[in-house]
Structure formats: C-alpha cells, structure tokens
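Source file: target32.cif (mmCIF, C-alpha atoms)
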data_entry
loop_
_atom_site.label_atom_id
_atom_site.label_comp_id
_atom_site.auth_asym_id
_atom_site.auth_seq_id
_atom_site.Cartn_x
_atom_site.Cartn_y
_atom_site.Cartn_z
CA MET A 1 -4.52 32.80 -28.52
CA SER A 2 -3.25 32.11 -32.01
CA ARG A 3 -2.82 28.58 -33.21
CA THR A 4 0.97 28.75 -33.48
CA THR A 5 1.40 29.81 -29.84
CA LEU A 6 -0.97 27.03 -28.83
CA ASP A 7 1.03 24.48 -30.83
CA LEU A 8 4.24 25.79 -29.28
CA TRP A 9 2.93 25.36 -25.75
CA VAL A 10 1.53 21.90 -26.41
CA GLY A 11 4.77 20.87 -28.09
CA PHE A 12 6.69 22.16 -25.06
CA PHE A 13 4.35 20.23 -22.72
CA VAL A 14 4.66 16.97 -24.63
CA ALA A 15 8.45 17.31 -24.86
CA VAL A 16 8.79 18.00 -21.13
CA GLY A 17 6.45 15.10 -20.31
CA LEU A 18 8.40 12.68 -22.48
CA GLY A 19 11.60 14.02 -20.93
CA ALA A 20 10.22 13.19 -17.48
CA LEU A 21 9.39 9.66 -18.66
CA LEU A 22 12.93 9.29 -20.00
CA PHE A 23 14.31 10.52 -16.68
CA LEU A 24 12.20 7.94 -14.82
CA ALA A 25 13.35 5.18 -17.17
CA LEU A 26 17.06 5.96 -17.24
CA LYS A 27 17.94 7.78 -14.04
CA VAL A 28 15.37 6.35 -11.62
CA GLY A 29 14.78 2.96 -13.23
CA ASN A 30 17.22 0.41 -14.51
CA LEU A 31 16.56 0.64 -18.24
CA ALA A 32 20.12 1.85 -18.86
CA SER A 33 21.72 -1.04 -17.00
CA THR A 34 19.52 -3.84 -18.31
CA SER A 35 21.05 -4.73 -21.62
CA SER A 36 18.36 -5.38 -24.15
CA GLY A 37 20.71 -7.82 -25.86
CA GLU A 38 20.65 -11.58 -26.04
CA THR A 39 20.67 -13.80 -22.97
CA TYR A 40 20.95 -17.53 -22.44
CA PRO A 41 19.33 -19.60 -19.67
CA ILE A 42 21.27 -21.53 -17.04
CA TYR A 43 19.77 -23.60 -14.25
CA ALA A 44 21.07 -23.98 -10.72
CA LYS A 45 19.70 -26.24 -7.99
CA PHE A 46 19.94 -25.17 -4.36
CA ASP A 47 19.12 -26.93 -1.09
CA ASN A 48 17.79 -23.64 0.20
CA ILE A 49 17.31 -20.46 -1.79
CA GLY A 50 16.62 -18.32 1.28
CA GLY A 51 15.05 -14.99 0.35
CA LEU A 52 16.07 -14.99 -3.30
CA LYS A 53 13.46 -13.38 -5.53
CA VAL A 54 12.63 -13.33 -9.22
CA ARG A 55 14.42 -10.36 -10.88
CA GLY A 56 17.23 -10.77 -8.34
CA ALA A 57 20.69 -9.92 -9.60
CA VAL A 58 23.30 -12.45 -10.74
CA LYS A 59 26.79 -11.14 -10.13
CA SER A 60 30.26 -12.29 -10.95
CA ALA A 61 33.14 -10.43 -9.33
CA GLY A 62 30.48 -7.98 -8.10
CA VAL A 63 29.35 -7.03 -11.61
CA VAL A 64 25.77 -7.77 -12.64
CA VAL A 65 25.90 -10.33 -15.46
CA GLY A 66 22.31 -11.60 -15.43
CA ARG A 67 18.94 -11.85 -13.71
CA VAL A 68 16.96 -14.52 -11.93
CA THR A 69 13.91 -15.12 -14.11
CA GLU A 70 12.19 -18.09 -12.50
CA ILE A 71 12.22 -19.95 -9.20
CA ARG A 72 10.43 -23.26 -8.82
CA PHE A 73 10.50 -26.39 -6.69
CA ASP A 74 11.75 -29.72 -8.01
CA PRO A 75 9.33 -32.24 -6.41
CA GLU A 76 11.59 -35.23 -7.13
CA ALA A 77 14.92 -34.02 -5.84
CA TYR A 78 13.30 -31.69 -3.28
CA LEU A 79 15.49 -28.84 -4.41
CA GLY A 80 14.83 -25.27 -5.41
CA VAL A 81 15.51 -24.76 -9.13
CA VAL A 82 16.52 -21.25 -10.15
CA THR A 83 16.53 -20.16 -13.79
CA ILE A 84 19.13 -17.51 -14.58
CA GLN A 85 19.28 -15.46 -17.77
CA VAL A 86 22.93 -14.62 -18.35
CA ASP A 87 24.04 -11.88 -20.71
CA ALA A 88 25.19 -13.54 -23.93
CA ARG A 89 28.34 -11.41 -23.96
CA TYR A 90 29.67 -13.36 -20.98
CA LYS A 91 30.68 -17.04 -21.00
CA PHE A 92 31.39 -19.01 -17.86
CA PRO A 93 33.35 -22.26 -17.41
CA ARG A 94 31.49 -25.53 -16.82
CA ASP A 95 32.69 -25.80 -13.21
CA THR A 96 31.43 -22.36 -12.19
CA PHE A 97 30.33 -22.26 -8.57
CA ALA A 98 26.98 -20.60 -7.75
CA THR A 99 26.36 -19.20 -4.27
CA ILE A 100 23.50 -17.25 -2.77
CA ASN A 101 24.87 -14.16 -1.08
CA THR A 102 23.37 -11.24 0.78
CA SER A 103 24.35 -7.68 0.02
CA GLY A 104 24.90 -6.17 3.44
CA LEU A 105 23.43 -7.57 6.63
CA LEU A 106 19.78 -6.97 5.71
CA GLY A 107 20.09 -6.34 1.99
CA GLU A 108 18.67 -8.22 -0.96
CA GLN A 109 19.93 -11.67 -1.82
CA TYR A 110 21.68 -12.30 -5.10
CA ILE A 111 23.44 -15.17 -6.86
CA GLY A 112 27.20 -14.95 -7.05
CA LEU A 113 29.05 -16.86 -9.78
CA GLU A 114 32.58 -17.90 -8.86
CA VAL A 115 34.49 -18.86 -11.95
CA GLY A 116 36.25 -22.24 -12.12
CA GLY A 117 39.09 -23.40 -14.31
CA ASP A 118 37.35 -25.63 -16.86
CA THR A 119 38.07 -24.84 -20.50
CA ALA A 120 34.61 -25.96 -21.64
CA MET A 121 32.00 -23.21 -21.30
CA LEU A 122 28.41 -23.39 -20.03
CA LYS A 123 25.88 -23.49 -22.86
CA GLY A 124 22.26 -22.34 -22.79
CA GLY A 125 20.11 -24.82 -20.84
CA ASP A 126 23.00 -26.25 -18.81
CA THR A 127 22.75 -26.80 -15.07
CA ILE A 128 25.40 -25.59 -12.67
CA LYS A 129 26.65 -28.58 -10.69
CA LYS A 130 28.25 -26.94 -7.69
CA THR A 131 26.09 -24.66 -5.62
CA GLN A 132 26.06 -23.30 -2.12
CA SER A 133 22.77 -22.48 -0.44
CA ALA A 134 21.70 -19.32 1.26
CA VAL A 135 22.95 -18.78 4.77
CA VAL A 136 20.10 -19.05 7.25
CA LEU A 137 20.91 -16.77 10.14
CA GLU A 138 18.91 -18.76 12.70
CA LYS A 139 20.83 -21.95 11.88
CA LEU A 140 24.16 -20.16 12.26
CA ILE A 141 23.16 -18.77 15.63
CA SER A 142 21.88 -22.11 16.95
CA GLN A 143 25.04 -23.87 15.70
CA PHE A 144 27.16 -21.27 17.45
CA MET A 145 25.21 -21.66 20.68
CA PHE A 146 25.40 -25.48 20.64
CA ASN A 147 29.14 -25.30 20.05
CA LYS A 148 29.52 -22.84 22.89
CA ALA A 149 27.52 -25.12 25.21
CA ALA A 150 29.62 -28.16 24.21
CA GLU A 151 32.82 -26.22 24.89
CA ASP A 152 31.61 -25.23 28.35
CA ASP A 153 30.81 -28.89 29.20
CA GLY A 154 34.29 -29.93 28.10
CA GLY A 155 35.85 -27.24 30.29
CA LYS A 156 34.18 -28.54 33.45
CA LYS A 157 35.56 -32.06 33.05
CA MET B 1 -50.77 -1.12 0.81
CA ASP B 2 -49.08 2.28 0.89
CA ASN B 3 -47.66 2.01 4.35
CA GLY B 4 -44.23 3.18 5.53
CA LEU B 5 -42.25 0.07 4.68
CA THR B 6 -43.29 -0.23 1.03
CA ARG B 7 -42.63 3.47 0.53
CA VAL B 8 -39.11 3.12 1.85
CA LEU B 9 -38.54 0.04 -0.31
CA ARG B 10 -39.94 1.80 -3.36
CA GLN B 11 -37.65 4.76 -2.82
CA LEU B 12 -34.67 2.43 -2.45
CA GLY B 13 -35.61 0.60 -5.63
CA ALA B 14 -36.08 3.85 -7.55
CA GLN B 15 -32.66 5.09 -6.40
CA PHE B 16 -31.03 1.82 -7.40
CA ASN B 17 -32.77 1.72 -10.77
CA SER B 18 -31.80 5.28 -11.62
CA ARG B 19 -28.16 4.57 -10.72
CA ILE B 20 -28.08 1.51 -12.94
CA TRP B 21 -29.79 3.39 -15.74
CA ARG B 22 -27.25 6.21 -15.46
CA LEU B 23 -24.37 3.73 -15.57
CA GLY B 24 -25.83 2.18 -18.72
CA PHE B 25 -26.30 5.62 -20.25
CA ALA B 26 -22.71 6.51 -19.40
CA SER B 27 -21.49 3.33 -21.09
CA ARG B 28 -23.50 3.98 -24.24
CA PHE B 29 -22.17 7.54 -24.19
CA PHE B 30 -18.61 6.16 -23.94
CA LEU B 31 -19.18 3.92 -26.96
CA ALA B 32 -20.72 6.77 -28.96
CA MET B 33 -17.74 8.93 -28.06
CA LEU B 34 -15.27 6.29 -29.25
CA LEU B 35 -17.21 5.85 -32.49
CA HIS B 36 -17.14 9.61 -33.13
CA SER B 37 -13.47 10.01 -32.26
CA GLY B 38 -12.44 10.05 -35.92
CA THR B 39 -13.08 13.78 -36.23
CA SER B 40 -10.93 14.69 -33.23
CA LEU B 41 -8.02 12.76 -34.76
CA ARG B 42 -8.55 14.05 -38.28
CA ARG B 43 -8.90 17.66 -37.17
CA LEU B 44 -6.02 17.43 -34.76
CA HIS B 45 -6.04 21.11 -33.75
CA LEU B 46 -9.29 20.49 -31.84
CA THR B 47 -7.51 17.94 -29.66
CA ILE B 48 -4.33 20.02 -29.40
CA ARG B 49 -6.41 22.94 -28.11
CA GLU B 50 -7.80 20.66 -25.37
CA ILE B 51 -4.34 19.36 -24.49
CA TYR B 52 -3.39 23.00 -23.95
CA PHE B 53 -6.32 23.64 -21.61
CA THR B 54 -6.11 20.40 -19.65
CA GLY B 55 -2.39 19.62 -19.80
CA VAL B 56 -0.35 22.79 -20.18
CA LEU B 57 -2.48 24.83 -17.78
CA SER B 58 -2.24 22.03 -15.15
CA LEU B 59 1.55 22.08 -15.31
CA ILE B 60 2.09 24.53 -12.46
CA ILE B 61 -0.08 22.77 -9.89
CA ILE B 62 1.33 19.34 -10.88
CA LEU B 63 4.98 20.43 -10.72
CA VAL B 64 4.67 22.30 -7.43
CA SER B 65 2.65 19.50 -5.77
CA GLY B 66 5.10 16.90 -7.02
CA LEU B 67 8.06 18.82 -5.66
CA PHE B 68 6.48 19.21 -2.23
CA VAL B 69 5.23 15.61 -2.03
CA GLY B 70 8.77 14.45 -2.86
CA MET B 71 10.30 16.73 -0.24
CA VAL B 72 7.87 15.52 2.43
CA LEU B 73 8.64 11.91 1.45
CA GLY B 74 12.34 12.73 1.85
CA LEU B 75 11.87 14.15 5.34
CA GLN B 76 9.48 11.48 6.62
CA GLY B 77 11.29 8.61 4.94
CA TYR B 78 14.62 9.69 6.39
CA ASP B 79 13.08 9.91 9.87
CA THR B 80 11.78 6.33 9.67
CA LEU B 81 14.78 4.82 7.90
CA ALA B 82 17.19 6.41 10.40
CA ARG B 83 15.69 4.15 13.11
CA TYR B 84 16.87 1.10 11.16
CA GLY B 85 20.18 2.63 10.20
CA SER B 86 19.48 2.27 6.49
CA THR B 87 19.17 5.86 5.33
CA GLU B 88 20.88 4.98 2.04
CA ALA B 89 17.60 3.33 1.03
CA LEU B 90 15.91 6.76 1.00
CA GLY B 91 16.19 6.94 -2.78
CA VAL B 92 14.46 3.57 -3.16
CA LEU B 93 11.64 4.60 -0.82
CA VAL B 94 11.02 7.95 -2.54
CA ALA B 95 11.26 6.59 -6.07
CA LEU B 96 9.16 3.45 -5.56
CA SER B 97 6.35 5.17 -3.69
CA LEU B 98 6.20 7.95 -6.29
CA VAL B 99 6.49 5.87 -9.43
CA ARG B 100 4.12 3.13 -8.31
CA GLU B 101 1.45 4.95 -6.34
CA LEU B 102 1.71 8.62 -5.49
CA GLY B 103 2.64 9.88 -8.94
CA PRO B 104 -0.31 8.40 -10.85
CA VAL B 105 -2.87 8.73 -8.03
CA VAL B 106 -2.15 12.22 -6.70
CA ALA B 107 -1.62 13.60 -10.21
CA ALA B 108 -4.97 12.09 -11.25
CA LEU B 109 -6.75 13.55 -8.21
CA LEU B 110 -5.28 16.99 -8.94
CA PHE B 111 -6.14 16.55 -12.62
CA ALA B 112 -9.75 15.69 -11.74
CA SER B 113 -10.18 18.82 -9.66
CA ARG B 114 -8.17 21.12 -11.92
CA ALA B 115 -9.11 19.99 -15.42
CA GLY B 116 -12.04 17.57 -15.00
CA SER B 117 -14.23 20.13 -13.26
CA ALA B 118 -13.40 22.71 -15.94
CA ILE B 119 -14.40 20.31 -18.72
CA THR B 120 -17.71 19.54 -16.99
CA ALA B 121 -18.48 23.19 -16.36
CA GLU B 122 -17.64 24.13 -19.95
CA ILE B 123 -19.76 21.42 -21.58
CA GLY B 124 -22.56 21.99 -19.03
CA MET B 125 -22.64 25.70 -19.81
CA MET B 126 -22.64 24.95 -23.55
CA LYS B 127 -25.69 22.78 -22.92
CA ALA B 128 -27.37 25.36 -20.67
CA THR B 129 -26.90 28.10 -23.26
CA GLU B 130 -28.14 25.70 -25.96
CA GLN B 131 -24.91 25.79 -27.94
CA LEU B 132 -25.00 22.01 -28.25
CA SER B 133 -28.55 22.12 -29.66
CA ALA B 134 -27.47 24.87 -32.06
CA MET B 135 -24.67 22.62 -33.33
CA GLU B 136 -27.14 19.81 -33.93
CA MET B 137 -29.33 22.25 -35.85
CA MET B 138 -26.33 22.97 -38.09
CA ALA B 139 -25.79 19.21 -38.58
CA VAL B 140 -22.60 19.31 -36.50
CA ASP B 141 -22.42 16.39 -34.12
CA PRO B 142 -21.65 17.84 -30.66
CA ILE B 143 -20.15 14.53 -29.50
CA ALA B 144 -17.64 14.57 -32.33
CA ARG B 145 -16.99 18.32 -32.22
CA VAL B 146 -17.07 19.09 -28.49
CA VAL B 147 -16.93 15.92 -26.40
CA ALA B 148 -14.43 13.61 -28.11
CA PRO B 149 -11.58 16.17 -28.40
CA ARG B 150 -11.89 17.00 -24.70
CA PHE B 151 -11.83 13.30 -23.82
CA TRP B 152 -8.73 12.57 -25.90
CA GLY B 153 -7.01 15.71 -24.69
CA GLY B 154 -7.40 14.49 -21.12
CA VAL B 155 -6.33 10.93 -21.94
CA ILE B 156 -3.15 12.17 -23.64
CA SER B 157 -2.29 14.74 -20.96
CA MET B 158 -2.72 12.50 -17.93
CA PRO B 159 0.27 10.09 -18.34
CA LEU B 160 2.58 12.99 -19.17
CA LEU B 161 1.44 14.92 -16.10
CA ALA B 162 1.88 11.85 -13.87
CA ALA B 163 5.40 11.30 -15.21
CA LEU B 164 6.23 14.94 -14.53
CA PHE B 165 4.81 14.62 -11.02
CA SER B 166 6.96 11.56 -10.28
CA ALA B 167 10.10 13.11 -11.76
CA MET B 168 9.56 16.31 -9.79
CA GLY B 169 8.94 14.25 -6.63
CA VAL B 170 12.19 12.30 -7.07
CA PHE B 171 13.96 15.62 -7.54
CA GLY B 172 12.33 16.95 -4.34
CA GLY B 173 13.41 13.85 -2.43
CA TYR B 174 16.94 14.34 -3.78
CA LEU B 175 16.94 17.99 -2.67
CA ILE B 176 15.91 17.12 0.88
CA GLY B 177 17.71 13.81 1.24
CA VAL B 178 21.05 14.57 -0.40
CA GLN B 179 21.39 18.33 -0.36
CA LEU B 180 19.77 19.15 2.97
CA ILE B 181 20.20 16.08 5.20
CA GLY B 182 23.35 14.74 3.59
CA VAL B 183 22.55 11.17 2.54
CA ASP B 184 25.35 9.91 0.32
CA GLU B 185 24.55 10.93 -3.25
CA GLY B 186 26.08 7.85 -4.87
CA SER B 187 24.12 5.33 -2.84
CA PHE B 188 20.94 7.43 -3.15
CA TRP B 189 20.92 7.03 -6.95
CA ALA B 190 22.61 3.62 -7.13
CA GLN B 191 20.19 1.89 -4.74
CA MET B 192 17.29 3.59 -6.51
CA GLN B 193 18.41 2.28 -9.89
CA ALA B 194 19.05 -1.19 -8.48
CA SER B 195 15.54 -1.48 -7.02
CA VAL B 196 13.31 0.32 -9.52
CA ASP B 197 12.57 -1.89 -12.49
CA PHE B 198 11.52 -0.25 -15.74
CA ARG B 199 8.87 -2.77 -16.75
CA GLN B 200 7.60 -3.68 -13.31
CA ASP B 201 7.51 -0.23 -11.73
CA VAL B 202 7.81 2.61 -14.23
CA LEU B 203 5.72 1.08 -17.01
CA ASN B 204 3.01 -0.09 -14.60
CA GLY B 205 2.83 3.45 -13.24
CA VAL B 206 2.34 4.78 -16.76
CA ILE B 207 -0.41 2.21 -17.41
CA LYS B 208 -2.11 3.29 -14.18
CA SER B 209 -2.04 6.97 -15.12
CA PHE B 210 -3.38 6.12 -18.58
CA VAL B 211 -6.34 4.27 -17.02
CA PHE B 212 -6.93 7.17 -14.61
CA GLY B 213 -6.84 9.56 -17.56
CA ILE B 214 -9.61 7.58 -19.26
CA ILE B 215 -11.67 7.51 -16.04
CA VAL B 216 -11.36 11.23 -15.25
CA SER B 217 -11.99 12.38 -18.81
CA TRP B 218 -14.93 10.03 -19.26
CA VAL B 219 -16.60 11.12 -16.02
CA ALA B 220 -15.95 14.79 -16.77
CA VAL B 221 -17.39 14.84 -20.30
CA PHE B 222 -20.33 12.62 -19.31
CA GLU B 223 -21.31 14.74 -16.31
CA GLY B 224 -21.09 17.85 -18.44
CA TYR B 225 -23.15 16.36 -21.26
CA ASP B 226 -25.71 14.96 -18.82
CA ALA B 227 -25.95 18.11 -16.67
CA VAL B 228 -29.33 19.65 -15.97
CA PRO B 229 -29.17 22.78 -18.18
CA THR B 230 -29.46 25.34 -15.41
CA ALA B 231 -26.89 27.22 -13.35
CA GLU B 232 -27.69 24.96 -10.40
CA GLY B 233 -27.48 21.82 -12.52
CA VAL B 234 -24.06 22.75 -13.87
CA SER B 235 -22.69 23.41 -10.39
CA GLY B 236 -24.07 20.06 -9.21
CA ALA B 237 -22.53 18.28 -12.21
CA THR B 238 -19.14 19.88 -11.51
CA THR B 239 -19.24 18.69 -7.92
CA ARG B 240 -20.25 15.19 -9.03
CA THR B 241 -17.34 15.08 -11.48
CA VAL B 242 -14.78 15.68 -8.74
CA VAL B 243 -16.39 13.29 -6.25
CA THR B 244 -17.13 10.47 -8.69
CA SER B 245 -13.80 10.57 -10.49
CA SER B 246 -11.81 10.76 -7.22
CA LEU B 247 -13.61 7.70 -5.83
CA ALA B 248 -13.27 5.87 -9.15
CA ILE B 249 -9.53 6.66 -9.25
CA LEU B 250 -8.96 5.25 -5.77
CA ALA B 251 -11.04 2.13 -6.48
CA ALA B 252 -9.30 1.53 -9.82
CA ASP B 253 -5.94 2.08 -8.17
CA PHE B 254 -6.67 -0.62 -5.63
CA ILE B 255 -7.70 -3.09 -8.33
CA LEU B 256 -4.72 -2.28 -10.56
CA THR B 257 -2.27 -2.52 -7.65
CA ALA B 258 -3.71 -5.88 -6.65
CA PHE B 259 -3.04 -7.17 -10.17
CA MET B 260 0.31 -5.47 -10.77
CA PHE B 261 2.28 -5.67 -7.56
CA THR B 262 1.51 -9.03 -6.02
CA GLY B 263 3.04 -12.42 -6.55
CA THR B 264 6.63 -11.33 -7.11
#
Rewrite the structure of this file - the entire thing - as structure tokens.
Amino acid sequence: MSRTTLDLWVGFFVAVGLGALLFLALKVGNLASTSSGETYPIYAKFDNIGGLKVRGAVKSAGVVVGRVTEIRFDPEAYLGVVTIQVDARYKFPRDTFATINTSGLLGEQYIGLEVGGDTAMLKGGDTIKKTQSAVVLEKLISQFMFNKAAEDDGGKK
Amino acid sequence: MDNGLTRVLRQLGAQFNSRIWRLGFASRFFLAMLLHSGTSLRRLHLTIREIYFTGVLSLIIILVSGLFVGMVLGLQGYDTLARYGSTEALGVLVALSLVRELGPVVAALLFASRAGSAITAEIGMMKATEQLSAMEMMAVDPIARVVAPRFWGGVISMPLLAALFSAMGVFGGYLIGVQLIGVDEGSFWAQMQASVDFRQDVLNGVIKSFVFGIIVSWVAVFEGYDAVPTAEGVSGATTRTVVTSSLAILAADFILTAFMFTGT
C-alpha cells in the first residue's frame, strides 16, 4: 500500500474518532449547555438538603442558571451549607428565595430560585437569607396520618 | 533434605522469582521503549503505518460490536426500566454505562484480541526469523525502529476506538429505544444530556481508554520481544498477550473506577 493511501486512511480514522468524541461531548454530554463563562458563588443554608448532590442543577423559572459545587455541614448553626456557582450573565435580587425541589416524583433534586422584589442584587459570596428545605416524604406521610387520626377522634366526640 | 515438601516449596519459590524477574524486565523494557521513542515521533510515517494496522483495521469489529452492545443495552434497559415506569431514563442508562464502563473496557478487550495479538505475533516472528538481530547488526536499534512505533500506534488508536464504540453504542440504543420501541425522542436525549457530565463521565472514560491503550500496547510489544524464537514460542506469546492484557484491563478498570466514580 502506498504511503498516500495509508495517510488517507489514518487521517479518515483520526477524523472519525475525533468526531465521535465531539458527539459524546456535545450530544451525549452536557458540554454544550454548560457555559464556560464566568460564574459567581452564592451560599444558601438549609435545615435539610434532602438528596441534593454536588453538580445538581440550579434553576430559576425552570431554566438552568447555575450548578451546586459544594455541600458541607455548618457545625455551629447545624445547617447544611450549599455553595452555588451562578452564571455571571444572570443577577438575582437580594431577597431571592431558594427552595429544594424534586423533578418528578423520583427524579433528581435541584435548587429553585424564586426571584424577589429587592432592587439590590446578590453579589459573589453573599448568602441567601430565605430558604426552604427539601420535602421529606416520610415526614409528610406521618403528618398526614396523625392529622387523619386526630380528625377521627374529633368525629367520635 | 530433598524430600517432597522442600521440592514443592522450591518450585513455588522458583515460580515466584521468575514472575518477579519478568515484571522487572518488562518495566525496564518499558523505560527503554520510552527513551527510544524519539525516532517514532521524528519519523512519523512509522507510527502512522502502525495506526493504520492497529486502528483503521480494527474499525469494523469496533463499530459493529458497539452497535450491537448499544442495541442490547436498549432492549434490556427498557425491560428493566419499564417495571419502574421510568422508560424515559433509557438514554441515561445507555449513555452512562457506555461512556463510563462498556466503551473503554469492551473496546480495549476487542483491541487486545484484534490488534495486540497481531503485534505480538509480528514482533515474535521477526525475532524468530532473526530480523531483529539483523537490524542490530546494521546498527539499527530494533526497539526504536520496530517496538516504539507499534506501542505509540496502539496508544493513539485506543482512545479513538473507544470513543467510536461509545458513540456507536449510543446510536444503537437510540435505534432500539426510540425507533423500535417508541420511547419519546425528546426525553431520551434531554435526560441523557442532563445526566452525563463532560468532565466527570466523558473525560474519565477517555482517560480510562488511554490507560488501557498503554497497558495493551505495552503487554503486546513486550510479549513479542520476549517470545521464545520458535513457532511454538510465538504462539504461546500471542496467547499470553490476550490473557495478560485482558486481566490487566479488568484490574485497572476496577482501580480507576474506584478512584473516579466514588464520593460524589
């Protein structure tokens, strides 16, 4: 086989291989959606973070605006501290409300940002004051059952 | 003195010593190969020729296997996910299992049996027919001229082949899941993109296949270079290449997985 045909085949092979890598990165992975641009950190303290994980999504109005980058425990306040990297293109008011939501019944948990009305914006390193913890399904069920039992007692009297 | 027990112990010790010695020899061989890699990079057509023989000629088996592995994942994954009513997660299941594990590992196993054995047989035959000695007589270093290009050809080909395997597998899963069974196309791709992280999953898979490429190529060129220069010796070396590199791939995969995919 002559050298030019060999080069052609190898070039074809390398191009197809790199194409497959690109396909994995853009179509299968999330390289296209993760903006490589600037981010700024925001902290949020929760009573209970539930099943939230590092790399979890941060959404506002259902649109991904950032990622959870760190979760640790505050040993003095006994709270879970979540570090969020928010896309620098987006600014949020100081009184933004952070909740931990679940996508679907069994889906992944993510942080939802509900925008407040403050004119001052959150800066990098700020902490979100108002948060709502993850919903623990067992607690909901037991609350519901206790309420039901209390109602039944009231009915008998 | 020379009773049964000491004989058994002596045999055990001799076995152990020869294994250790061989491992040391293989490591020194690896270092020598790295030191003599300059030629294979300077005379690039030597390496390109090996990429053709190890990479391009392995394309068919890699692509077809990838397609079928992906299609089987689609069928089996759908069957299991249907029990939990979450068939939309089929894309996640297919993509994650391919990109993280099956792509690098199965591609490396196929590569070891398709290309690794060929490298061993070729170098072993060169040794048996005294071509390597002839090169030394002409002051051509056989490690620089024969061994290093084959090693680098394998190392370069392996990640590309693994990526092709994974991509083909995802395509096979799409064919079965979306086109045949009728999982919603939008959620198939959207959930996949939401769950597969580029750095954590795709890049770690590439690193894995790169490490496997080094392992397979190293074992293949070493077994060929170390082969007993007879027809029987070459056949034994070829067998050892496939067995040793397959076991080494699986062991390395376990170690790499333990480091890469825990703690998050």
Worksheet item: How many Å separate atom CA of B:Leu203 from atom CA of A:Ile49?
Response: 28.8 Å
Practice prompt. Show me which bits of chain B are within 6 Å of chain A, counting all atoms listed in the file, as a ChimeraX atom specification.
Written response: /B:52,56,160,163-164,167,193,196-198
Worksheet item: Can you list, as a VMD selection string, the residues that the PyMOL selection byres ((chain B and resi 261) around 10) selects here?
Response: chain B and resid 100 200 to 201 204 256 to 260 262 to 264
Worksheet, complete the sentence: Restricting to all atoms listed in the file, whichever of A:Glu151, A:Lys45, A:Gly124, A:Gly50 is closest to A:Lys91 is A:Gly124
Worksheet entry | Atomic separation - atom CA of A:Thr39 relative to atom CA of B:Val202, Å |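 One can read the atom CA of B:Val202 to atom CA of A:Thr39 distance as 22.6 Å.
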Practice prompt. Output the residue selection produced by the PyMOL selection byres ((chain A and resi 102) around 12) on the file above, formatted as a list in words.
Written response: Ile49, Gly50, Gly51, Leu52, Lys53, Gly56, Ala57, Val58, Lys59, Gly62, Thr99, Ile100, Asn101, Ser103, Gly104, Leu105, Leu106, Gly107, Glu108, Gln109, Tyr110, Ile111, Gly112, Ser133, Ala134, Val135, Val136 and Leu137 of chain A
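Each of B:Ala227, B:Leu35, B:Ile156, B:Met168 was compared to B:Ile48 using all atoms listed in the file, and B:Ile156 turns out to be the nearest.
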Discussion item. Would you compute the distance between atom CA of B:Thr47 and atom CA of B:Phe212? Give it in Å to one decimal.
Written reply: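 Between atom CA of B:Thr47 and atom CA of B:Phe212 the gap works out to 18.5 Å.
Using only C-alpha atoms, the shortest contact distance between B:Asp253 and any of B:Ala115, B:Ala108, B:Ile176, B:Arg7 is found at B:Ala108.
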Discussion item. Taking 2 positions as the minimum chain separation for residues in the same chain, which residues sit within 10 Å of B:Leu110 when counting all atoms listed in the file? Answer as a list in words.
Written reply: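 My list of contacting residues is Ser58, Ile61, Ile62, Ser65, Val105, Val106, Ala107, Ala108, Ala112, Ser113, Arg114, Ala115, Gly116, Val242 and Ser246 of chain B.
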Worksheet item: B:Gly213: which residues within 7 Å, counting all atoms listed in the file, same-chain residues fewer than 3 positions away excluded, as a PyMOL selection string?
Response: chain B and resi 154-155+158+209-210+216-217
